[in-house]
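Next up, input.cif (mmCIF, C-alpha atoms and all ligand atoms):
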```
data_coords
loop_
_atom_site.label_atom_id
_atom_site.label_comp_id
_atom_site.auth_asym_id
_atom_site.auth_seq_id
_atom_site.Cartn_x
_atom_site.Cartn_y
_atom_site.Cartn_z
CA MET A 1457 -27.94 5.45 12.74
CA LEU A 1458 -24.66 3.86 11.61
CA GLY A 1459 -23.28 7.07 10.10
CA PRO A 1460 -22.57 8.89 13.40
CA VAL A 1461 -20.96 5.74 14.89
CA ILE A 1462 -18.61 5.43 11.92
CA LEU A 1463 -17.80 9.14 12.11
CA ALA A 1464 -16.94 8.73 15.80
CA ALA A 1465 -14.68 5.78 14.86
CA SER A 1466 -12.98 7.99 12.28
CA ARG A 1467 -11.51 9.99 15.24
CA SER A 1468 -10.30 6.90 17.16
CA ASP A 1469 -6.61 5.98 17.04
CA ARG A 1470 -7.38 2.40 18.09
CA MET A 1471 -9.82 1.91 15.20
CA ARG A 1472 -7.34 3.60 12.86
CA ARG A 1473 -4.64 1.06 13.77
CA LEU A 1474 -7.05 -1.89 13.52
CA ILE A 1475 -8.57 -0.95 10.18
CA SER A 1476 -5.36 0.27 8.57
CA ALA A 1477 -3.65 -3.05 9.39
CA ALA A 1478 -6.42 -5.32 8.04
CA PRO A 1479 -5.05 -7.12 4.95
CA VAL A 1480 -8.16 -6.63 2.78
CA THR A 1481 -8.59 -2.96 3.58
CA ARG A 1482 -6.38 -1.72 0.73
CA GLN A 1483 -8.58 -3.41 -1.91
CA VAL A 1484 -11.71 -1.72 -0.56
CA VAL A 1485 -9.89 1.58 -0.04
CA ASP A 1486 -8.80 1.55 -3.70
CA ARG A 1487 -12.35 2.19 -4.80
CA PHE A 1488 -12.20 5.66 -3.19
CA ILE A 1489 -8.44 6.40 -2.95
CA PRO A 1490 -6.83 4.90 -6.03
CA GLY A 1491 -3.15 5.30 -5.14
CA GLU A 1492 -0.57 6.28 -2.55
CA THR A 1493 2.05 8.15 -4.59
CA VAL A 1494 2.26 10.67 -7.43
CA GLY A 1495 3.46 7.77 -9.61
CA ASP A 1496 0.27 5.79 -8.80
CA ILE A 1497 -2.03 8.70 -9.44
CA VAL A 1498 -0.69 10.05 -12.74
CA PRO A 1499 -2.26 7.25 -14.87
CA ILE A 1500 -5.59 7.83 -13.07
CA ILE A 1501 -5.40 11.56 -13.87
CA GLN A 1502 -4.54 10.83 -17.49
CA GLY A 1503 -7.37 8.29 -17.78
CA LEU A 1504 -10.00 10.67 -16.39
CA THR A 1505 -8.89 13.71 -18.42
CA ALA A 1506 -8.89 11.53 -21.57
CA LYS A 1507 -12.59 10.91 -20.88
CA GLY A 1508 -13.33 14.65 -20.86
CA LEU A 1509 -13.40 14.99 -17.06
CA GLU A 1510 -11.58 17.55 -14.93
CA LEU A 1511 -10.12 16.80 -11.52
CA THR A 1512 -9.49 18.27 -8.12
CA MET A 1513 -6.73 16.49 -6.20
CA ASP A 1514 -6.64 15.79 -2.47
CA VAL A 1515 -3.43 14.50 -0.92
CA VAL A 1516 -5.02 12.75 2.07
CA GLY A 1517 -3.81 13.20 5.65
CA GLU A 1518 -5.49 15.54 8.11
CA ASP A 1519 -4.27 14.27 11.49
CA ILE A 1520 -0.82 15.78 11.61
CA THR A 1521 0.85 16.64 14.92
CA THR A 1522 4.05 18.55 14.06
CA PRO A 1523 5.03 21.55 11.90
CA ALA A 1524 7.41 19.22 10.01
CA GLN A 1525 4.47 17.06 8.93
CA ALA A 1526 2.61 20.17 7.80
CA ALA A 1527 5.63 21.16 5.69
CA SER A 1528 5.71 17.65 4.18
CA ALA A 1529 2.04 18.00 3.26
CA ARG A 1530 2.83 21.27 1.47
CA ASP A 1531 5.74 19.58 -0.33
CA ALA A 1532 3.52 16.68 -1.42
CA TYR A 1533 1.21 19.16 -3.18
CA LEU A 1534 4.21 20.97 -4.71
CA GLU A 1535 5.51 17.64 -6.04
CA LEU A 1536 2.14 16.91 -7.63
CA ILE A 1537 1.93 20.38 -9.18
CA GLY A 1538 5.45 19.92 -10.60
CA ARG A 1539 4.35 16.66 -12.23
CA LEU A 1540 1.17 18.28 -13.64
CA LYS A 1541 3.34 20.99 -15.15
CA GLU A 1542 5.49 18.38 -16.95
CA LEU A 1543 2.34 16.66 -18.20
CA GLU A 1544 0.82 20.01 -19.27
CA LEU A 1545 -2.36 19.14 -17.36
CA GLY A 1546 -2.44 22.27 -15.20
CA GLU A 1547 -5.61 23.68 -16.69
CA ARG A 1548 -7.60 20.46 -16.19
CA VAL A 1549 -6.59 19.68 -12.62
CA GLU A 1550 -7.01 21.85 -9.53
CA MET A 1551 -6.07 21.14 -5.90
CA SER A 1552 -8.27 20.63 -2.85
CA VAL A 1553 -6.55 21.18 0.48
CA LYS A 1554 -7.48 20.61 4.09
CA LEU A 1555 -5.90 23.32 6.25
CA SER A 1556 -5.66 20.89 9.19
CA MET A 1557 -3.05 19.04 7.15
CA PHE A 1558 -1.12 22.30 6.77
CA GLY A 1559 -0.94 22.78 10.54
CA GLN A 1560 -4.14 24.69 11.36
CA ALA A 1561 -4.75 22.76 14.62
CA LEU A 1562 -1.20 23.22 15.95
CA GLU A 1563 0.03 26.10 18.11
CA GLY A 1564 0.03 29.27 15.98
CA GLY A 1565 -1.90 27.14 13.50
CA HIS A 1566 -3.70 29.88 11.60
CA GLU A 1567 -0.44 31.56 10.52
CA LEU A 1568 1.27 28.20 10.00
CA ALA A 1569 -1.50 26.96 7.70
CA LEU A 1570 -1.54 30.25 5.77
CA GLY A 1571 2.24 30.09 5.38
CA ASN A 1572 2.07 26.51 4.07
CA VAL A 1573 -0.88 26.94 1.75
CA ARG A 1574 0.35 30.13 0.06
CA PRO A 1575 3.22 28.48 -1.88
CA VAL A 1576 0.79 25.80 -3.08
CA VAL A 1577 -1.64 28.46 -4.33
CA GLU A 1578 1.25 30.31 -6.02
CA ALA A 1579 2.55 27.14 -7.70
CA ALA A 1580 -0.96 26.22 -8.85
CA ALA A 1581 -1.50 29.70 -10.34
CA ALA A 1582 1.85 29.42 -12.16
CA ILE A 1583 0.57 26.36 -14.10
CA GLY A 1584 -2.84 27.89 -14.83
CA THR A 1585 -4.89 26.26 -12.10
CA THR A 1586 -6.12 26.98 -8.61
CA VAL A 1587 -6.79 25.68 -5.11
CA THR A 1588 -10.01 25.11 -3.18
CA LEU A 1589 -9.97 25.08 0.63
CA ASP A 1590 -12.01 22.12 1.88
CA ALA A 1591 -14.40 22.64 4.81
CA GLU A 1592 -13.65 20.56 7.90
CA ASP A 1593 -15.45 20.56 11.25
CA HIS A 1594 -17.27 23.75 12.28
CA THR A 1595 -14.60 24.85 14.79
CA THR A 1596 -12.10 25.35 11.95
CA LEU A 1597 -14.24 27.45 9.64
CA ASP A 1598 -13.63 31.02 10.83
CA SER A 1599 -9.91 30.44 10.31
CA MET A 1600 -10.52 28.77 6.92
CA PHE A 1601 -12.67 31.70 5.67
CA ALA A 1602 -10.11 34.24 6.91
CA ILE A 1603 -7.32 32.39 5.05
CA HIS A 1604 -9.54 32.20 1.96
CA GLU A 1605 -10.11 35.95 2.06
CA GLU A 1606 -6.40 36.62 2.54
CA LEU A 1607 -5.38 34.37 -0.37
CA ARG A 1608 -8.01 35.91 -2.66
CA LYS A 1609 -6.30 39.31 -2.39
CA ASP A 1610 -3.51 37.95 -4.61
CA PHE A 1611 -5.24 34.91 -6.12
CA PRO A 1612 -8.95 35.72 -6.62
CA GLN A 1613 -9.60 32.28 -8.14
CA THR A 1614 -8.94 30.53 -4.82
CA GLY A 1615 -12.09 28.65 -3.85
CA CYS A 1616 -13.63 27.43 -0.63
CA VAL A 1617 -16.23 24.93 0.51
CA ILE A 1618 -19.46 25.55 2.42
CA GLN A 1619 -21.58 22.87 4.11
CA ALA A 1620 -25.38 22.92 3.83
CA TYR A 1621 -25.87 21.17 7.20
CA LEU A 1622 -24.53 24.16 9.19
CA PHE A 1623 -26.92 26.91 10.29
CA ARG A 1624 -24.27 29.55 9.54
CA THR A 1625 -23.91 28.61 5.89
CA GLU A 1626 -26.71 30.70 4.35
CA ALA A 1627 -25.00 33.84 5.67
CA ASP A 1628 -21.59 32.60 4.44
CA ALA A 1629 -23.10 31.87 1.02
CA ARG A 1630 -24.55 35.40 0.74
CA ARG A 1631 -21.18 36.96 1.54
CA LEU A 1632 -19.24 34.72 -0.85
CA ALA A 1633 -21.80 35.01 -3.67
CA ALA A 1634 -21.62 38.81 -3.47
CA ASP A 1635 -17.80 38.66 -3.48
CA GLY A 1636 -17.77 36.70 -6.76
CA SER A 1637 -15.93 33.75 -5.24
CA ARG A 1638 -15.58 30.17 -6.46
CA VAL A 1639 -17.62 28.17 -3.93
CA ARG A 1640 -18.19 24.43 -3.64
CA LEU A 1641 -21.46 23.58 -1.92
CA VAL A 1642 -21.64 20.19 -0.17
CA LYS A 1643 -24.03 18.65 2.35
CA GLY A 1644 -21.27 18.20 4.98
CA ALA A 1645 -19.38 15.09 6.09
CA TYR A 1646 -18.48 15.61 9.77
CA LYS A 1647 -20.28 14.74 13.00
CA GLU A 1648 -21.71 18.09 14.12
CA PRO A 1649 -23.80 18.89 17.22
CA ALA A 1650 -27.46 19.97 17.04
CA GLU A 1651 -26.49 23.46 18.29
CA VAL A 1652 -24.77 24.24 15.00
CA ALA A 1653 -26.13 21.87 12.36
CA TYR A 1654 -29.29 20.28 10.95
CA GLN A 1655 -29.39 16.59 11.85
CA GLN A 1656 -32.14 15.29 9.55
CA LYS A 1657 -31.50 14.49 5.91
CA HIS A 1658 -34.64 16.31 4.69
CA GLU A 1659 -33.61 19.49 6.56
CA ILE A 1660 -30.10 19.34 5.09
CA ASP A 1661 -31.49 18.80 1.58
CA LYS A 1662 -33.85 21.78 1.95
CA ALA A 1663 -30.99 23.98 3.20
CA TYR A 1664 -28.88 22.81 0.25
CA VAL A 1665 -31.50 24.08 -2.21
CA ARG A 1666 -31.86 27.44 -0.41
CA ILE A 1667 -28.08 27.95 -0.49
CA LEU A 1668 -27.80 26.75 -4.08
CA ARG A 1669 -30.31 29.43 -5.09
CA ILE A 1670 -28.22 32.11 -3.34
CA LEU A 1671 -25.06 30.96 -5.17
CA MET A 1672 -26.76 30.70 -8.57
CA GLU A 1673 -28.26 34.18 -8.24
CA GLY A 1674 -24.95 35.68 -7.06
CA SER A 1675 -21.91 36.76 -9.04
CA GLY A 1676 -19.56 33.90 -8.08
CA TYR A 1677 -18.79 30.52 -9.60
CA PRO A 1678 -20.85 27.73 -7.96
CA MET A 1679 -19.37 24.23 -7.76
CA ILE A 1680 -22.04 21.66 -6.96
CA GLY A 1681 -20.42 18.93 -4.84
CA SER A 1682 -23.10 16.26 -4.64
CA HIS A 1683 -24.10 12.87 -6.06
CA ASP A 1684 -27.76 13.40 -5.22
CA PRO A 1685 -29.83 13.03 -8.45
CA ARG A 1686 -32.56 15.35 -7.15
CA LEU A 1687 -30.08 18.13 -6.36
CA ILE A 1688 -28.40 17.70 -9.74
CA SER A 1689 -31.66 18.33 -11.60
CA ILE A 1690 -32.57 21.24 -9.29
CA THR A 1691 -29.12 22.72 -10.07
CA GLN A 1692 -29.86 22.56 -13.79
CA GLU A 1693 -33.24 24.28 -13.30
CA LEU A 1694 -31.82 27.02 -11.06
CA ALA A 1695 -28.89 27.63 -13.42
CA ARG A 1696 -31.30 28.05 -16.35
CA ALA A 1697 -33.53 30.37 -14.29
CA ALA A 1698 -30.50 32.48 -13.33
CA GLY A 1699 -29.42 32.68 -16.99
CA ARG A 1700 -26.12 30.89 -16.35
CA LYS A 1701 -24.34 29.25 -19.27
CA LEU A 1702 -22.84 25.76 -18.93
CA ASP A 1703 -19.38 27.18 -18.21
CA GLU A 1704 -20.66 29.43 -15.43
CA TYR A 1705 -20.96 26.64 -12.85
CA GLU A 1706 -19.73 23.07 -12.50
CA PHE A 1707 -20.57 19.72 -10.98
CA GLN A 1708 -18.13 17.90 -8.73
CA MET A 1709 -18.30 14.30 -7.50
CA LEU A 1710 -15.98 12.00 -5.61
CA TYR A 1711 -13.81 9.45 -7.38
CA GLY A 1712 -15.43 6.01 -7.19
CA ILE A 1713 -18.97 7.26 -6.56
CA ARG A 1714 -21.58 7.30 -9.38
CA SER A 1715 -18.87 7.20 -12.05
CA ASP A 1716 -21.45 6.72 -14.86
CA GLU A 1717 -23.06 9.98 -13.80
CA HIS A 1718 -19.70 11.77 -14.14
CA LEU A 1719 -19.58 10.70 -17.79
CA ARG A 1720 -23.25 11.43 -18.45
CA LEU A 1721 -23.00 15.02 -17.21
CA ALA A 1722 -19.74 15.60 -19.12
CA ALA A 1723 -21.36 14.22 -22.29
CA GLU A 1724 -24.22 16.72 -21.82
CA GLY A 1725 -21.62 19.50 -22.00
CA HIS A 1726 -21.31 20.20 -18.27
CA ARG A 1727 -17.96 20.82 -16.64
CA MET A 1728 -17.60 17.75 -14.41
CA ARG A 1729 -14.77 17.66 -11.89
CA VAL A 1730 -13.82 14.46 -10.09
CA TYR A 1731 -12.46 14.90 -6.56
CA THR A 1732 -9.62 12.38 -6.44
CA ALA A 1733 -7.81 11.56 -3.24
CA TYR A 1734 -4.48 9.77 -2.93
CA GLY A 1735 -1.79 9.21 -0.32
CA THR A 1736 -0.93 6.89 2.54
CA ASP A 1737 -2.89 8.52 5.36
CA TRP A 1738 -6.30 7.62 3.95
CA TYR A 1739 -8.10 6.54 7.16
CA GLY A 1740 -10.19 9.69 7.88
CA TYR A 1741 -11.23 10.14 4.24
CA PHE A 1742 -12.13 6.45 3.90
CA MET A 1743 -14.22 6.39 7.08
CA ARG A 1744 -16.24 9.43 5.94
CA ARG A 1745 -17.08 7.57 2.71
CA LEU A 1746 -18.23 4.55 4.75
CA ALA A 1747 -20.37 6.81 6.97
CA GLU A 1748 -22.15 8.34 3.97
CA LYS A 1749 -23.46 4.99 2.79
CA PRO A 1750 -23.90 2.07 5.21
CA ALA A 1751 -23.88 -0.36 2.23
CA ASN A 1752 -20.17 0.52 1.86
CA LEU A 1753 -19.58 -0.65 5.42
CA ARG A 1754 -21.44 -3.93 4.78
CA PHE A 1755 -19.30 -4.50 1.66
CA PHE A 1756 -16.13 -3.74 3.64
CA LEU A 1757 -17.07 -6.11 6.50
CA ARG A 1758 -18.10 -8.89 4.06
CA SER A 1759 -14.75 -8.68 2.26
CA MET A 1760 -12.93 -8.96 5.61
CA ILE A 1761 -14.95 -12.02 6.63
CA SER A 1762 -14.63 -13.78 3.27
CA LYS A 1763 -10.80 -13.70 3.42
P1 LIG A 1801 -26.24 11.81 -0.33
O1 LIG A 1801 -27.70 12.01 -0.08
O2 LIG A 1801 -25.38 11.42 0.82
O3 LIG A 1801 -26.02 10.77 -1.48
C1 LIG A 1801 -26.76 10.76 -2.69
C2 LIG A 1801 -26.44 9.47 -3.42
O4 LIG A 1801 -25.06 9.46 -3.80
C3 LIG A 1801 -26.58 8.22 -2.55
O5 LIG A 1801 -27.89 7.73 -2.56
C4 LIG A 1801 -25.60 7.27 -3.19
O6 LIG A 1801 -26.14 6.70 -4.37
C5 LIG A 1801 -24.48 8.18 -3.60
N1 LIG A 1801 -23.44 8.27 -2.55
C6 LIG A 1801 -23.19 9.33 -1.75
N2 LIG A 1801 -22.14 9.07 -0.94
C7 LIG A 1801 -21.72 7.83 -1.23
C8 LIG A 1801 -20.66 7.00 -0.78
N3 LIG A 1801 -19.82 7.40 0.18
N4 LIG A 1801 -20.53 5.76 -1.31
C9 LIG A 1801 -21.35 5.33 -2.28
N5 LIG A 1801 -22.37 6.08 -2.79
C10 LIG A 1801 -22.57 7.30 -2.27
N6 LIG A 1801 -17.74 17.38 2.84
C11 LIG A 1801 -17.22 18.26 3.72
O7 LIG A 1801 -17.66 18.32 4.89
N7 LIG A 1801 -16.21 19.10 3.37
C12 LIG A 1801 -15.70 19.13 2.09
O8 LIG A 1801 -14.79 19.91 1.81
C13 LIG A 1801 -16.24 18.21 1.14
N8 LIG A 1801 -15.81 18.19 -0.14
C14 LIG A 1801 -16.47 17.42 -1.06
C15 LIG A 1801 -16.12 17.51 -2.41
C16 LIG A 1801 -16.88 16.85 -3.36
C17 LIG A 1801 -16.52 17.00 -4.80
C18 LIG A 1801 -18.00 16.06 -2.96
C19 LIG A 1801 -18.86 15.37 -3.97
C20 LIG A 1801 -18.30 15.90 -1.63
C21 LIG A 1801 -17.54 16.57 -0.66
N9 LIG A 1801 -17.86 16.46 0.68
C22 LIG A 1801 -17.28 17.33 1.58
C23 LIG A 1801 -18.74 15.37 1.16
C24 LIG A 1801 -20.18 15.83 1.28
O9 LIG A 1801 -20.32 16.70 2.37
C25 LIG A 1801 -21.14 14.63 1.48
O10 LIG A 1801 -20.80 13.95 2.64
C26 LIG A 1801 -21.13 13.63 0.32
O11 LIG A 1801 -21.00 14.28 -0.92
C27 LIG A 1801 -22.44 12.82 0.29
O12 LIG A 1801 -23.52 13.68 0.07
P2 LIG A 1801 -24.34 13.75 -1.32
O13 LIG A 1801 -24.57 15.18 -1.61
O14 LIG A 1801 -23.64 13.00 -2.38
O15 LIG A 1801 -25.76 13.18 -0.99
#
```
Let me see the structure of the file written as C-alpha cells.
Amino acid sequence: MLGPVILAASRSDRMRRLISAAPVTRQVVDRFIPGETVGDIVPIIQGLTAKGLELTMDVVGEDITTPAQAASARDAYLELIGRLKELELGERVEMSVKLSMFGQALEGGHELALGNVRPVVEAAAAIGTTVTLDAEDHTTLDSMFAIHEELRKDFPQTGCVIQAYLFRTEADARRLAADGSRVRLVKGAYKEPAEVAYQQKHEIDKAYVRILRILMEGSGYPMIGSHDPRLISITQELARAAGRKLDEYEFQMLYGIRSDEHLRLAAEGHRMRVYTAYGTDWYGYFMRRLAEKPANLRFFLRSMISK
C-alpha cells in the first residue's frame, strides 16, 4: 500500500522541498542517480562500458514551468552528446528523454517538445546513436506517440516506451510491432486510475507477457525494461520461440538495481543496457524508485534517523 502514497508524495512541492533539503538524502540518492553533472557521469559511463554494458542516459528533471527551462533541458542533452562524441562512445550510449522536460505540458507544448527533442535526435544520430522517448503518465501518451511517429520519418531508429499496466498498451504494441519500431516495454511507474490501468501486480505481470509476445512476434526491436527474474526468463523463451538472435532484442535495467544481473546477462551474450540518470532535479525519479520497493523507503528513513 505504500507505493501509491509515495507516488502521491512525488507530486508534492512541500515533500520535494523537505526531502531535497535533508542532509543524508544525497547519499541515498547516489545509489540510483550517481551524479549531477556531465563531469560526474563520464567516469560512470566509462566504468559501465568497460564492463561490456551499454547505457541509455536520462538527464533528470520533468517538472519544468517555462520554455527557457525546456531549452536548457535540450542543451543539457546536447552537452552530453558532445562529450560522448569526444569520448567516441556514441555507439554504446543512447539517450532517454521525457517530453515533459522538453515543454510538453506548457502552452503549445506538443510543438514545443517536438521542436526541442528534434535537435537532440539529430545530434544523437550524428554520433551513431539514438533516442528513446520515455512514457510518462497516461494523459501525455497520445502526444508522445505522435512525436515518435513524426521523428521516425527522418530517424527510424527513434524508440519509445510502452507500459504494461495500461489497458491501451496491447493495441499500441500491435501498431508499433508492425511498424518495425524500437520499443521498450516496462510495467509502468506512475499512479494511474482504475479506469485506464490494471492495479494488481499479477494482472500487470500477465499483461506484460501478452505484450512481450506481440513484440517478439513482430518486426520491431523489443527492449525489455524489467528487473523481474520471471519476466527475464520468459523473454528468453519467447525470443527463442520467435527465432530471434541475441542481437535482435535487448534487456534494459536501471542503474543501481540488480547490478549483478546486468553483468550476468551481458556475460551470457545478451545486449544489456543500463538506464542511468543524472542531474540536479532528481526528486521525481528518486521517489518512483522508492515507490517500486518499500524496502528502499525503510533504508532511506533509517539513514535519516541514524544521522
Ligand atoms: P518489479 O516486480 O517491480 O520488480 C522486480 C524485482 O526487481 C524486485 O523484486 C526487486 O528485486 C527489483 N526492483 C525493482 N524495482 C526496484 C527498486 N526501485 N529498488 C530496488 N529493487 C527493485 N516506467 C515508466 O512508467 N516509464 C518509463 O519510461 C520507464 N522506463 C524504464 C526504463 C528501464 C530501463 C526500466 C528498467 C524501467 C523503466 N520504468 C519506466 C520503470 C518501470 O515501469 C517499473 O516501475 C520498474 O522497472 C519496476 O518494475 P520491474 O519490471 O523491475 O518489476
Set the cut-off to 6 Å, count all atoms listed in the file, and list whatever residues fall near ligand LIG 1801 (chain A) as a ChimeraX atom specification.
-> /A:1590-1592,1617,1642-1646,1681-1684,1708-1710,1713,1731,1745-1746,1748-1749
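Atom CA of Ser1556 of chain A is positioned 14.3 Å from atom CA of Arg1574 of chain A.
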List the neighbours of Glu1567 of chain A out to 12 Å using only C-alpha atoms; skip same-chain residues closer than 5 positions along the sequence, and give me the result as a PDB file with C-alpha atoms, in the coordinates of the input.
```pdb
ATOM      1  CA  PRO A1523       5.030  21.550  11.900  1.00  0.00           C
ATOM      2  CA  LEU A1555      -5.900  23.320   6.250  1.00  0.00           C
ATOM      3  CA  SER A1556      -5.660  20.890   9.190  1.00  0.00           C
ATOM      4  CA  PHE A1558      -1.120  22.300   6.770  1.00  0.00           C
ATOM      5  CA  GLY A1559      -0.940  22.780  10.540  1.00  0.00           C
ATOM      6  CA  GLN A1560      -4.140  24.690  11.360  1.00  0.00           C
ATOM      7  CA  ALA A1561      -4.750  22.760  14.620  1.00  0.00           C
ATOM      8  CA  LEU A1562      -1.200  23.220  15.950  1.00  0.00           C
ATOM      9  CA  ASN A1572       2.070  26.510   4.070  1.00  0.00           C
ATOM     10  CA  VAL A1573      -0.880  26.940   1.750  1.00  0.00           C
ATOM     11  CA  ARG A1574       0.350  30.130   0.060  1.00  0.00           C
ATOM     12  CA  SER A1599      -9.910  30.440  10.310  1.00  0.00           C
ATOM     13  CA  MET A1600     -10.520  28.770   6.920  1.00  0.00           C
ATOM     14  CA  ALA A1602     -10.110  34.240   6.910  1.00  0.00           C
ATOM     15  CA  ILE A1603      -7.320  32.390   5.050  1.00  0.00           C
ATOM     16  CA  GLU A1606      -6.400  36.620   2.540  1.00  0.00           C
TER      17      GLU A1606
END
```
Write out as a PyMOL selection string which residues come within 6 Å of Cys1616 of chain A when counting only C-alpha atoms, dropping same-chain ones fewer than 5 positions away.
-> chain A and resi 1588-1589+1639
Keeping C-alpha atoms for every residue in the selection just given, could you write it to a file as a tab-separated table (two decimals), in the frame of the given file?
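So result-v4.tsv came out as:
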```tsv
chain	number	residue	atom	x	y	z
A	1588	THR	CA	-10.01	25.11	-3.18
A	1589	LEU	CA	-9.97	25.08	0.63
A	1639	VAL	CA	-17.62	28.17	-3.93
```
Could you check how far atom CA of Leu1536 of chain A sits from atom CA of Ala1506 of chain A, in Å to one decimal?
-> 18.6 Å
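Between atom CA of Gly1491 of chain A and atom CA of Ala1532 of chain A there is a distance of 13.7 Å.
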Counting all atoms listed in the file, what is within 7 Å of segment 1466-1471 of chain A, bar same-chain residues fewer than 3 positions away, as a PDB file with C-alpha atoms, in the coordinates of the input?
```pdb
ATOM      1  CA  ILE A1462     -18.610   5.430  11.920  1.00  0.00           C
ATOM      2  CA  LEU A1463     -17.800   9.140  12.110  1.00  0.00           C
ATOM      3  CA  LEU A1474      -7.050  -1.890  13.520  1.00  0.00           C
ATOM      4  CA  ILE A1475      -8.570  -0.950  10.180  1.00  0.00           C
ATOM      5  CA  GLY A1740     -10.190   9.690   7.880  1.00  0.00           C
ATOM      6  CA  MET A1743     -14.220   6.390   7.080  1.00  0.00           C
TER       7      MET A1743
END
```
Of the residues A:Gln1613, A:Arg1631, A:Glu1510, A:Thr1595, which is the one nearest to Val1652 of chain A, using all atoms listed in the file?
-> A:Thr1595
Could you give me, as CSV, every segment 1615-1690 of chain A residue with an atom at most 12 Å from segment 1512-1521 of chain A, plus its closest atom pair and distance in Å to one decimal, counting all atoms listed in the file, rows ordered by chain then number?
```
residue,atom,partner,partner_atom,distance
A:Gly1615,CA,A:Thr1512,CA,11.5
A:Arg1640,CA,A:Thr1512,CA,11.6
A:Met1679,CA,A:Thr1512,CA,11.5
A:Gly1681,CA,A:Thr1512,CA,11.4
```
